[in-house]
$ cat final08.cif   # mmCIF, C-alpha atoms
data_query
#
loop_
_atom_site.group_PDB
_atom_site.id
_atom_site.type_symbol
_atom_site.label_atom_id
_atom_site.label_comp_id
_atom_site.auth_asym_id
_atom_site.auth_seq_id
_atom_site.Cartn_x
_atom_site.Cartn_y
_atom_site.Cartn_z
ATOM 1 C CA MET H 739 -45.473 -61.779 8.497
ATOM 2 C CA ASP H 740 -47.504 -64.722 9.830
ATOM 3 C CA ASN H 741 -48.697 -67.401 7.444
ATOM 4 C CA ALA H 742 -52.192 -66.933 6.019
ATOM 5 C CA VAL H 743 -54.315 -68.574 3.319
ATOM 6 C CA LYS H 744 -57.657 -67.525 1.871
ATOM 7 C CA LEU H 745 -59.914 -70.017 0.093
ATOM 8 C CA SER H 746 -63.124 -69.216 -1.776
ATOM 9 C CA PHE H 747 -65.314 -72.044 -3.050
ATOM 10 C CA PRO H 748 -68.978 -73.011 -3.613
ATOM 11 C CA SER H 749 -70.991 -74.868 -0.963
ATOM 12 C CA ASP H 750 -70.602 -78.152 -2.831
ATOM 13 C CA PRO H 751 -70.099 -81.253 -0.605
ATOM 14 C CA ARG H 752 -67.909 -82.801 -3.324
ATOM 15 C CA LEU H 753 -65.269 -80.192 -2.458
ATOM 16 C CA LEU H 754 -65.121 -81.106 1.228
ATOM 17 C CA GLY H 755 -62.229 -83.522 0.739
ATOM 18 C CA VAL H 756 -60.218 -80.901 -1.137
ATOM 19 C CA VAL H 757 -60.798 -78.302 1.584
ATOM 20 C CA ARG H 758 -59.922 -80.803 4.328
ATOM 21 C CA GLY H 759 -56.599 -81.408 2.617
ATOM 22 C CA ALA H 760 -55.797 -77.692 2.680
ATOM 23 C CA ILE H 761 -56.780 -77.297 6.353
ATOM 24 C CA GLU H 762 -54.735 -80.299 7.474
ATOM 25 C CA ARG H 763 -51.641 -79.161 5.609
ATOM 26 C CA PHE H 764 -51.952 -75.610 6.898
ATOM 27 C CA ALA H 765 -52.253 -76.873 10.496
ATOM 28 C CA ALA H 766 -49.075 -78.923 9.958
ATOM 29 C CA LEU H 767 -47.329 -75.832 8.598
ATOM 30 C CA VAL H 768 -48.297 -73.913 11.749
ATOM 31 C CA GLY H 769 -46.635 -76.691 13.758
ATOM 32 C CA PHE H 770 -49.459 -78.830 15.140
ATOM 33 C CA ASP H 771 -48.722 -82.532 15.573
ATOM 34 C CA GLU H 772 -50.440 -85.134 13.414
ATOM 35 C CA GLU H 773 -53.242 -85.783 15.898
ATOM 36 C CA ASP H 774 -54.045 -82.096 16.370
ATOM 37 C CA CYS H 775 -53.997 -81.599 12.601
ATOM 38 C CA ARG H 776 -56.718 -84.269 12.348
ATOM 39 C CA TRP H 777 -58.759 -82.634 15.126
ATOM 40 C CA ILE H 778 -58.556 -79.156 13.637
ATOM 41 C CA THR H 779 -59.497 -80.516 10.230
ATOM 42 C CA LEU H 780 -62.506 -82.299 11.711
ATOM 43 C CA ALA H 781 -63.683 -79.160 13.564
ATOM 44 C CA VAL H 782 -63.444 -76.925 10.508
ATOM 45 C CA HIS H 783 -65.038 -79.611 8.319
ATOM 46 C CA GLU H 784 -67.976 -79.868 10.749
ATOM 47 C CA ALA H 785 -68.401 -76.082 10.707
ATOM 48 C CA LEU H 786 -68.366 -76.172 6.935
ATOM 49 C CA THR H 787 -70.997 -78.921 6.746
ATOM 50 C CA ASN H 788 -73.166 -76.840 9.102
ATOM 51 C CA VAL H 789 -72.903 -73.940 6.661
ATOM 52 C CA ILE H 790 -73.925 -76.180 3.741
ATOM 53 C CA ARG H 791 -76.809 -77.789 5.620
ATOM 54 C CA HIS H 792 -78.180 -75.003 7.804
ATOM 55 C CA ALA H 793 -77.084 -71.674 6.303
ATOM 56 C CA TYR H 794 -77.464 -72.724 2.653
ATOM 57 C CA HIS H 795 -80.101 -75.495 3.122
ATOM 58 C CA ASN H 796 -78.054 -77.918 0.991
ATOM 59 C CA ARG H 797 -77.763 -75.581 -1.989
ATOM 60 C CA HIS H 798 -74.451 -76.385 -3.631
ATOM 61 C CA ASP H 799 -73.691 -73.166 -5.498
ATOM 62 C CA GLN H 800 -73.436 -70.638 -2.690
ATOM 63 C CA PRO H 801 -70.227 -68.800 -1.745
ATOM 64 C CA VAL H 802 -68.065 -69.833 1.191
ATOM 65 C CA GLU H 803 -64.895 -68.079 2.240
ATOM 66 C CA LEU H 804 -62.325 -69.628 4.519
ATOM 67 C CA ARG H 805 -59.331 -67.787 5.938
ATOM 68 C CA LEU H 806 -56.631 -69.737 7.750
ATOM 69 C CA LYS H 807 -54.122 -67.741 9.728
ATOM 70 C CA GLU H 808 -51.246 -68.390 12.080
ATOM 71 C CA ARG H 809 -51.399 -66.102 15.111
ATOM 72 C CA ASP H 810 -50.604 -65.962 18.846
ATOM 73 C CA GLY H 811 -49.091 -69.427 19.018
ATOM 74 C CA GLY H 812 -51.946 -71.111 17.228
ATOM 75 C CA MET H 813 -54.232 -71.208 14.228
ATOM 76 C CA GLU H 814 -57.242 -69.018 13.548
ATOM 77 C CA VAL H 815 -59.984 -70.000 11.127
ATOM 78 C CA LEU H 816 -62.518 -67.482 9.841
ATOM 79 C CA MET H 817 -65.433 -68.916 7.882
ATOM 80 C CA VAL H 818 -67.825 -66.557 6.084
ATOM 81 C CA ASP H 819 -71.144 -67.401 4.434
ATOM 82 C CA HIS H 820 -74.129 -65.397 3.212
ATOM 83 C CA GLY H 821 -76.893 -67.811 4.125
ATOM 84 C CA THR H 822 -79.485 -68.035 6.859
ATOM 85 C CA GLY H 823 -78.055 -66.945 10.203
ATOM 86 C CA VAL H 824 -78.561 -68.937 13.372
ATOM 87 C CA LYS H 825 -79.396 -67.334 16.726
ATOM 88 C CA GLN H 826 -76.949 -67.995 19.553
ATOM 89 C CA GLU H 827 -79.662 -69.709 21.621
ATOM 90 C CA GLN H 828 -80.254 -72.143 18.749
ATOM 91 C CA MET H 829 -76.615 -73.221 18.779
ATOM 92 C CA CYS H 830 -76.856 -75.969 21.334
ATOM 93 C CA GLY H 831 -75.165 -79.335 20.935
ATOM 94 C CA ARG H 832 -77.208 -82.335 21.889
ATOM 95 C CA ASP H 833 -77.089 -84.317 25.119
ATOM 96 C CA LEU H 834 -74.422 -86.957 24.508
ATOM 97 C CA ASP H 835 -76.228 -89.490 26.669
ATOM 98 C CA ASP H 836 -79.051 -89.380 24.161
ATOM 99 C CA VAL H 837 -77.977 -91.916 21.532
ATOM 100 C CA ARG H 838 -79.470 -90.709 18.286
ATOM 101 C CA PRO H 839 -78.267 -89.601 14.868
ATOM 102 C CA GLY H 840 -77.432 -85.927 14.353
ATOM 103 C CA GLY H 841 -76.470 -82.946 16.493
ATOM 104 C CA LEU H 842 -72.838 -83.970 16.902
ATOM 105 C CA GLY H 843 -71.037 -81.376 14.800
ATOM 106 C CA LEU H 844 -71.305 -78.439 17.185
ATOM 107 C CA HIS H 845 -70.241 -80.599 20.098
ATOM 108 C CA MET H 846 -67.147 -81.693 18.166
ATOM 109 C CA ILE H 847 -66.212 -78.111 17.262
ATOM 110 C CA ARG H 848 -66.480 -76.919 20.853
ATOM 111 C CA GLU H 849 -64.538 -79.880 22.221
ATOM 112 C CA ILE H 850 -61.675 -79.432 19.777
ATOM 113 C CA MET H 851 -61.195 -75.667 19.466
ATOM 114 C CA ASN H 852 -60.161 -73.291 22.261
ATOM 115 C CA GLU H 853 -62.288 -70.401 21.021
ATOM 116 C CA THR H 854 -65.531 -70.366 19.032
ATOM 117 C CA GLU H 855 -67.220 -67.111 18.113
ATOM 118 C CA TYR H 856 -70.228 -66.833 15.807
ATOM 119 C CA MET H 857 -71.347 -63.479 14.431
ATOM 120 C CA PRO H 858 -74.424 -63.222 12.179
ATOM 121 C CA LEU H 859 -74.225 -59.722 10.628
ATOM 122 C CA ASP H 860 -76.741 -58.448 8.056
ATOM 123 C CA GLY H 861 -76.798 -61.406 5.673
ATOM 124 C CA ARG H 862 -73.174 -62.257 6.354
ATOM 125 C CA ASN H 863 -72.322 -64.878 8.946
ATOM 126 C CA GLU H 864 -68.833 -65.141 10.400
ATOM 127 C CA LEU H 865 -67.535 -68.016 12.443
ATOM 128 C CA ARG H 866 -64.144 -67.561 14.070
ATOM 129 C CA LEU H 867 -62.340 -70.547 15.539
ATOM 130 C CA PHE H 868 -58.995 -70.607 17.309
ATOM 131 C CA LYS H 869 -56.782 -73.511 18.365
ATOM 132 C CA ARG H 870 -53.730 -72.957 20.518
ATOM 133 C CA LYS H 871 -50.674 -75.164 20.103
ATOM 134 C CA GLY H 872 -50.174 -77.548 23.004
ATOM 135 C CA SER H 873 -53.847 -77.535 24.077
ATOM 136 C CA LYS H 874 -55.320 -81.003 23.917
ATOM 137 C CA SER H 875 -58.868 -81.882 22.968
ATOM 138 C CA SER H 876 -61.016 -83.390 25.724
ATOM 139 C CA VAL H 877 -61.559 -86.673 23.898
ATOM 140 C CA GLY H 878 -63.782 -89.178 25.613
ATOM 141 C CA GLU H 879 -63.936 -87.257 28.881
ATOM 142 C CA MET X 968 -65.989 -93.802 -1.789
ATOM 143 C CA HIS X 969 -66.869 -97.368 -2.685
ATOM 144 C CA ILE X 970 -69.370 -99.554 -0.837
ATOM 145 C CA ALA X 971 -70.218 -103.233 -1.361
ATOM 146 C CA THR X 972 -71.851 -106.058 0.559
ATOM 147 C CA ARG X 973 -70.942 -109.722 0.844
ATOM 148 C CA GLN X 974 -72.360 -112.710 2.690
ATOM 149 C CA LEU X 975 -70.368 -114.852 5.130
ATOM 150 C CA GLY X 976 -72.728 -117.530 6.459
ATOM 151 C CA SER X 977 -75.360 -115.741 8.568
ATOM 152 C CA HIS X 978 -73.314 -112.536 8.581
ATOM 153 C CA THR X 979 -73.638 -109.728 6.054
ATOM 154 C CA VAL X 980 -70.524 -107.616 5.688
ATOM 155 C CA VAL X 981 -70.681 -104.061 4.348
ATOM 156 C CA ASP X 982 -67.255 -103.052 3.030
ATOM 157 C CA VAL X 983 -66.722 -99.295 2.906
ATOM 158 C CA GLN X 984 -63.690 -97.751 1.241
ATOM 159 C CA GLY X 985 -62.842 -94.041 1.246
ATOM 160 C CA ASP X 986 -63.897 -91.058 3.325
ATOM 161 C CA ILE X 987 -67.415 -90.934 4.790
ATOM 162 C CA ASP X 988 -68.593 -87.338 4.897
ATOM 163 C CA LEU X 989 -71.612 -85.188 4.093
ATOM 164 C CA TYR X 990 -71.190 -85.944 0.396
ATOM 165 C CA ASN X 991 -71.389 -89.716 0.570
ATOM 166 C CA SER X 992 -72.832 -90.645 3.989
ATOM 167 C CA PRO X 993 -76.357 -90.826 2.446
ATOM 168 C CA GLU X 994 -75.117 -93.760 0.343
ATOM 169 C CA VAL X 995 -73.702 -95.546 3.406
ATOM 170 C CA ARG X 996 -76.980 -94.947 5.235
ATOM 171 C CA LYS X 997 -79.003 -96.267 2.279
ATOM 172 C CA VAL X 998 -77.023 -99.526 2.035
ATOM 173 C CA ILE X 999 -77.116 -100.172 5.797
ATOM 174 C CA LEU X 1000 -80.842 -99.468 6.089
ATOM 175 C CA GLU X 1001 -81.612 -101.571 3.012
ATOM 176 C CA GLU X 1002 -79.828 -104.573 4.511
ATOM 177 C CA LEU X 1003 -81.509 -104.169 7.894
ATOM 178 C CA LYS X 1004 -85.022 -103.064 6.995
ATOM 179 C CA GLU X 1005 -85.656 -104.671 3.635
ATOM 180 C CA LYS X 1006 -83.443 -107.746 3.607
ATOM 181 C CA LYS X 1007 -83.796 -108.135 7.366
ATOM 182 C CA VAL X 1008 -80.295 -109.563 7.811
ATOM 183 C CA PRO X 1009 -79.728 -110.995 11.304
ATOM 184 C CA ARG X 1010 -76.096 -109.859 11.671
ATOM 185 C CA LEU X 1011 -74.640 -106.834 9.941
ATOM 186 C CA ILE X 1012 -70.907 -106.106 10.142
ATOM 187 C CA VAL X 1013 -69.563 -102.805 8.811
ATOM 188 C CA ASN X 1014 -65.952 -103.085 7.662
ATOM 189 C CA LEU X 1015 -64.248 -99.710 8.178
ATOM 190 C CA THR X 1016 -60.649 -100.786 7.485
ATOM 191 C CA GLY X 1017 -60.672 -98.762 4.266
ATOM 192 C CA VAL X 1018 -62.110 -95.627 5.886
ATOM 193 C CA ARG X 1019 -59.517 -93.025 6.789
ATOM 194 C CA TYR X 1020 -61.958 -90.261 7.641
ATOM 195 C CA ILE X 1021 -65.491 -90.127 9.021
ATOM 196 C CA ASP X 1022 -67.454 -87.024 10.034
ATOM 197 C CA SER X 1023 -70.566 -86.475 12.160
ATOM 198 C CA SER X 1024 -72.885 -87.277 9.254
ATOM 199 C CA GLY X 1025 -71.102 -90.635 8.840
ATOM 200 C CA VAL X 1026 -71.370 -91.311 12.564
ATOM 201 C CA ALA X 1027 -75.075 -90.419 12.370
ATOM 202 C CA SER X 1028 -75.556 -93.058 9.641
ATOM 203 C CA LEU X 1029 -73.933 -95.692 11.854
ATOM 204 C CA VAL X 1030 -76.050 -94.637 14.864
ATOM 205 C CA GLU X 1031 -79.173 -94.909 12.761
ATOM 206 C CA GLY X 1032 -78.142 -98.413 11.679
ATOM 207 C CA LEU X 1033 -77.517 -99.368 15.295
ATOM 208 C CA LYS X 1034 -80.901 -98.095 16.449
ATOM 209 C CA ILE X 1035 -82.772 -99.843 13.661
ATOM 210 C CA SER X 1036 -80.892 -103.094 14.274
ATOM 211 C CA ARG X 1037 -81.946 -102.917 17.922
ATOM 212 C CA SER X 1038 -85.566 -102.349 16.990
ATOM 213 C CA LEU X 1039 -85.426 -105.367 14.659
ATOM 214 C CA SER X 1040 -83.494 -107.547 17.121
ATOM 215 C CA SER X 1041 -80.635 -107.938 14.669
ATOM 216 C CA ARG X 1042 -76.982 -107.414 15.458
ATOM 217 C CA PHE X 1043 -74.868 -104.454 14.294
ATOM 218 C CA MET X 1044 -71.082 -104.585 14.529
ATOM 219 C CA LEU X 1045 -68.126 -102.486 13.396
ATOM 220 C CA TYR X 1046 -64.543 -103.494 12.802
ATOM 221 C CA GLY X 1047 -61.278 -102.082 11.498
ATOM 222 C CA LEU X 1048 -61.581 -98.526 12.812
ATOM 223 C CA SER X 1049 -58.689 -96.274 11.790
ATOM 224 C CA PRO X 1050 -57.225 -94.059 14.555
ATOM 225 C CA ALA X 1051 -59.129 -91.097 13.075
ATOM 226 C CA ALA X 1052 -62.447 -92.963 12.956
ATOM 227 C CA ARG X 1053 -61.966 -94.214 16.521
ATOM 228 C CA GLU X 1054 -61.150 -90.689 17.705
ATOM 229 C CA VAL X 1055 -64.362 -89.337 16.178
ATOM 230 C CA LEU X 1056 -66.461 -92.016 17.882
ATOM 231 C CA GLU X 1057 -64.654 -91.306 21.175
ATOM 232 C CA LEU X 1058 -65.163 -87.562 20.828
ATOM 233 C CA SER X 1059 -68.879 -88.072 20.269
ATOM 234 C CA ARG X 1060 -68.867 -90.546 23.203
ATOM 235 C CA LEU X 1061 -70.541 -93.130 21.003
ATOM 236 C CA ILE X 1062 -67.737 -95.685 21.001
ATOM 237 C CA ARG X 1063 -69.335 -97.322 24.068
ATOM 238 C CA VAL X 1064 -72.698 -97.946 22.358
ATOM 239 C CA PHE X 1065 -71.269 -99.856 19.373
ATOM 240 C CA GLU X 1066 -69.940 -103.396 19.241
ATOM 241 C CA VAL X 1067 -66.428 -102.664 17.950
ATOM 242 C CA TYR X 1068 -63.932 -105.363 16.914
ATOM 243 C CA GLY X 1069 -60.378 -105.211 15.645
ATOM 244 C CA THR X 1070 -60.693 -107.730 12.830
ATOM 245 C CA GLU X 1071 -63.328 -109.423 10.712
ATOM 246 C CA GLN X 1072 -62.528 -112.758 12.343
ATOM 247 C CA GLU X 1073 -63.215 -111.302 15.795
ATOM 248 C CA ALA X 1074 -66.513 -109.850 14.626
ATOM 249 C CA LEU X 1075 -67.543 -113.158 13.065
ATOM 250 C CA GLN X 1076 -66.669 -115.083 16.220
ATOM 251 C CA ALA X 1077 -68.386 -112.623 18.584
ATOM 252 C CA LYS X 1078 -70.792 -114.393 20.951
#
$ encode --input "final08.cif" --output "structure tokens"
Amino acid sequence: MDNAVKLSFPSDPRLLGVVRGAIERFAALVGFDEEDCRWITLAVHEALTNVIRHAYHNRHDQPVELRLKERDGGMEVLMVDHGTGVKQEQMCGRDLDDVRPGGLGLHMIREIMNETEYMPLDGRNELRLFKRKGSKSSVGE
Amino acid sequence: MHIATRQLGSHTVVDVQGDIDLYNSPEVRKVILEELKEKKVPRLIVNLTGVRYIDSSGVASLVEGLKISRSLSSRFMLYGLSPAAREVLELSRLIRVFEVYGTEQEALQAK
């Protein structure tokens, strides 16, 4: 049986550090090197902050579920929330030549992960991310 | 996270210790903007040697500081980036817009 972990926690930003610790250690367990562990942690953290800010509008007591799973030579992350869904056409990262605060999270997620799939389904939003071992992030390209 | 400011001649140094994420980036933003907009310091240096982790909200706070410093004709510098912090700035392609130095001495001596 492949390794898998399920975490359930409220949308409280104070817990972000705790959750990052779990993600980073799970990525190491799957066999990612130290650098990739940092990247994966950053991508999942950014997705989680998007849930807190945009799905739950900074409410800190809403449920978030995170499932980490080893599969197909990599790591799959499934994040579930019950907040406001976002339409696919609204999920656009900003132009990186435009130097301004904000809009970076989605860009980071897409640069780091090999697969990103977002499914808003009747009050339940699922984000599935996948990172393959040996695939490098396109940093600074 | 802990944040404090100190004065070194005409330079104001903001020392940040701990992770900068969605939880505490508003505090970093507040301190930086207070120094630039209210105290109108001519040279602000952000010391990131004690920062192991920074996310997009932390980067956004630094970008906001940079933009305000430009509008006020003051100088905004960073030093002591950890590998993780540098990687995040590279990934967001913002490393090129900041004045980044390795050490405090280099930032203080910057022309």
$ interface_residues --input "final08.cif" --of "chain X" --to "chain H" --cutoff "7 Å" --atoms "all atoms listed in the file" --output "count of residues only"
12
$ resolve_selection --input "final08.cif" --expression "the PyMOL selection byres ((chain X and resi 1033) around 12)" --output "VMD selection string"
(chain H and resid 837 to 839) or (chain X and resid 996 999 to 1000 1003 to 1004 1010 to 1013 1026 to 1032 1034 to 1045 1061 to 1062 1064 to 1067)
$ write_last_selection --input "final08.cif" --atoms "C-alpha atoms" --output "PDB file, keeping the file's coordinate frame"
ATOM      1  CA  VAL H 837     -77.977 -91.916  21.532  1.00  0.00           C
ATOM      2  CA  ARG H 838     -79.470 -90.709  18.286  1.00  0.00           C
ATOM      3  CA  PRO H 839     -78.267 -89.601  14.868  1.00  0.00           C
TER       4      PRO H 839
ATOM      5  CA  ARG X 996     -76.980 -94.947   5.235  1.00  0.00           C
ATOM      6  CA  ILE X 999     -77.116-100.172   5.797  1.00  0.00           C
ATOM      7  CA  LEU X1000     -80.842 -99.468   6.089  1.00  0.00           C
ATOM      8  CA  LEU X1003     -81.509-104.169   7.894  1.00  0.00           C
ATOM      9  CA  LYS X1004     -85.022-103.064   6.995  1.00  0.00           C
ATOM     10  CA  ARG X1010     -76.096-109.859  11.671  1.00  0.00           C
ATOM     11  CA  LEU X1011     -74.640-106.834   9.941  1.00  0.00           C
ATOM     12  CA  ILE X1012     -70.907-106.106  10.142  1.00  0.00           C
ATOM     13  CA  VAL X1013     -69.563-102.805   8.811  1.00  0.00           C
ATOM     14  CA  VAL X1026     -71.370 -91.311  12.564  1.00  0.00           C
ATOM     15  CA  ALA X1027     -75.075 -90.419  12.370  1.00  0.00           C
ATOM     16  CA  SER X1028     -75.556 -93.058   9.641  1.00  0.00           C
ATOM     17  CA  LEU X1029     -73.933 -95.692  11.854  1.00  0.00           C
ATOM     18  CA  VAL X1030     -76.050 -94.637  14.864  1.00  0.00           C
ATOM     19  CA  GLU X1031     -79.173 -94.909  12.761  1.00  0.00           C
ATOM     20  CA  GLY X1032     -78.142 -98.413  11.679  1.00  0.00           C
ATOM     21  CA  LYS X1034     -80.901 -98.095  16.449  1.00  0.00           C
ATOM     22  CA  ILE X1035     -82.772 -99.843  13.661  1.00  0.00           C
ATOM     23  CA  SER X1036     -80.892-103.094  14.274  1.00  0.00           C
ATOM     24  CA  ARG X1037     -81.946-102.917  17.922  1.00  0.00           C
ATOM     25  CA  SER X1038     -85.566-102.349  16.990  1.00  0.00           C
ATOM     26  CA  LEU X1039     -85.426-105.367  14.659  1.00  0.00           C
ATOM     27  CA  SER X1040     -83.494-107.547  17.121  1.00  0.00           C
ATOM     28  CA  SER X1041     -80.635-107.938  14.669  1.00  0.00           C
ATOM     29  CA  ARG X1042     -76.982-107.414  15.458  1.00  0.00           C
ATOM     30  CA  PHE X1043     -74.868-104.454  14.294  1.00  0.00           C
ATOM     31  CA  MET X1044     -71.082-104.585  14.529  1.00  0.00           C
ATOM     32  CA  LEU X1045     -68.126-102.486  13.396  1.00  0.00           C
ATOM     33  CA  LEU X1061     -70.541 -93.130  21.003  1.00  0.00           C
ATOM     34  CA  ILE X1062     -67.737 -95.685  21.001  1.00  0.00           C
ATOM     35  CA  VAL X1064     -72.698 -97.946  22.358  1.00  0.00           C
ATOM     36  CA  PHE X1065     -71.269 -99.856  19.373  1.00  0.00           C
ATOM     37  CA  GLU X1066     -69.940-103.396  19.241  1.00  0.00           C
ATOM     38  CA  VAL X1067     -66.428-102.664  17.950  1.00  0.00           C
TER      39      VAL X1067
END
$ residues_around --input "final08.cif" --residues "H:Gly769" --least-positions-apart "6" --cutoff "10 Å" --atoms "all atoms listed in the file" --output "ChimeraX atom specification"
/H:763,775,808,811-813,871-872
$ atom_distance --input "final08.cif" --atom1 "atom CA of X:Gly976" --atom2 "atom CA of X:Asn1014"
16.0 Å
$ residues_around --input "final08.cif" --residues "X:Asp986" --least-positions-apart "6" --cutoff "9 Å" --atoms "all atoms listed in the file" --output "short mmCIF file (atom, residue, chain, number, x, y, z; two decimals) with C-alpha atoms, in the coordinates of the input"
data_model
loop_
_atom_site.label_atom_id
_atom_site.label_comp_id
_atom_site.auth_asym_id
_atom_site.auth_seq_id
_atom_site.Cartn_x
_atom_site.Cartn_y
_atom_site.Cartn_z
CA GLY H 755 -62.23 -83.52 0.74
CA MET X 968 -65.99 -93.80 -1.79
CA SER X 992 -72.83 -90.64 3.99
CA GLY X 1017 -60.67 -98.76 4.27
CA VAL X 1018 -62.11 -95.63 5.89
CA ARG X 1019 -59.52 -93.02 6.79
CA TYR X 1020 -61.96 -90.26 7.64
CA ILE X 1021 -65.49 -90.13 9.02
CA ASP X 1022 -67.45 -87.02 10.03
#
$ build_atoms --input "final08.cif" --residues "stretch 1038-1057 of chain X" --atoms "N, CA and C atoms" --output "short mmCIF file (atom, residue, chain, number, x, y, z; two decimals), in the coordinates of the input"
data_model
loop_
_atom_site.label_atom_id
_atom_site.label_comp_id
_atom_site.auth_asym_id
_atom_site.auth_seq_id
_atom_site.Cartn_x
_atom_site.Cartn_y
_atom_site.Cartn_z
N SER X 1038 -84.10 -102.25 17.08
CA SER X 1038 -85.57 -102.35 16.99
C SER X 1038 -85.99 -103.62 16.25
N LEU X 1039 -85.10 -104.17 15.43
CA LEU X 1039 -85.43 -105.37 14.66
C LEU X 1039 -84.81 -106.62 15.27
N SER X 1040 -84.17 -106.45 16.43
CA SER X 1040 -83.49 -107.55 17.12
C SER X 1040 -82.43 -108.21 16.26
N SER X 1041 -81.78 -107.42 15.42
CA SER X 1041 -80.64 -107.94 14.67
C SER X 1041 -79.36 -107.36 15.31
N ARG X 1042 -78.23 -107.82 14.82
CA ARG X 1042 -76.98 -107.41 15.46
C ARG X 1042 -76.20 -106.51 14.53
N PHE X 1043 -75.57 -105.46 15.09
CA PHE X 1043 -74.87 -104.45 14.29
C PHE X 1043 -73.46 -104.30 14.86
N MET X 1044 -72.47 -104.60 14.05
CA MET X 1044 -71.08 -104.58 14.53
C MET X 1044 -70.19 -103.76 13.61
N LEU X 1045 -69.12 -103.23 14.18
CA LEU X 1045 -68.13 -102.49 13.40
C LEU X 1045 -66.78 -103.14 13.60
N TYR X 1046 -65.93 -103.09 12.57
CA TYR X 1046 -64.54 -103.49 12.80
C TYR X 1046 -63.60 -102.71 11.89
N GLY X 1047 -62.32 -102.72 12.32
CA GLY X 1047 -61.28 -102.08 11.50
C GLY X 1047 -61.28 -100.57 11.55
N LEU X 1048 -61.57 -99.99 12.72
CA LEU X 1048 -61.58 -98.53 12.81
C LEU X 1048 -60.16 -97.96 12.71
N SER X 1049 -59.97 -96.98 11.87
CA SER X 1049 -58.69 -96.27 11.79
C SER X 1049 -58.57 -95.41 13.04
N PRO X 1050 -57.35 -94.95 13.38
CA PRO X 1050 -57.22 -94.06 14.56
C PRO X 1050 -58.16 -92.85 14.44
N ALA X 1051 -58.28 -92.29 13.25
CA ALA X 1051 -59.13 -91.10 13.08
C ALA X 1051 -60.60 -91.44 13.31
N ALA X 1052 -61.04 -92.58 12.78
CA ALA X 1052 -62.45 -92.96 12.96
C ALA X 1052 -62.74 -93.26 14.43
N ARG X 1053 -61.79 -93.92 15.09
CA ARG X 1053 -61.97 -94.21 16.52
C ARG X 1053 -62.04 -92.93 17.33
N GLU X 1054 -61.16 -91.97 16.99
CA GLU X 1054 -61.15 -90.69 17.70
C GLU X 1054 -62.49 -89.97 17.58
N VAL X 1055 -63.08 -90.02 16.39
CA VAL X 1055 -64.36 -89.34 16.18
C VAL X 1055 -65.46 -89.99 17.01
N LEU X 1056 -65.45 -91.32 17.07
CA LEU X 1056 -66.46 -92.02 17.88
C LEU X 1056 -66.23 -91.76 19.37
N GLU X 1057 -64.95 -91.61 19.77
CA GLU X 1057 -64.65 -91.31 21.18
C GLU X 1057 -65.09 -89.88 21.51
#
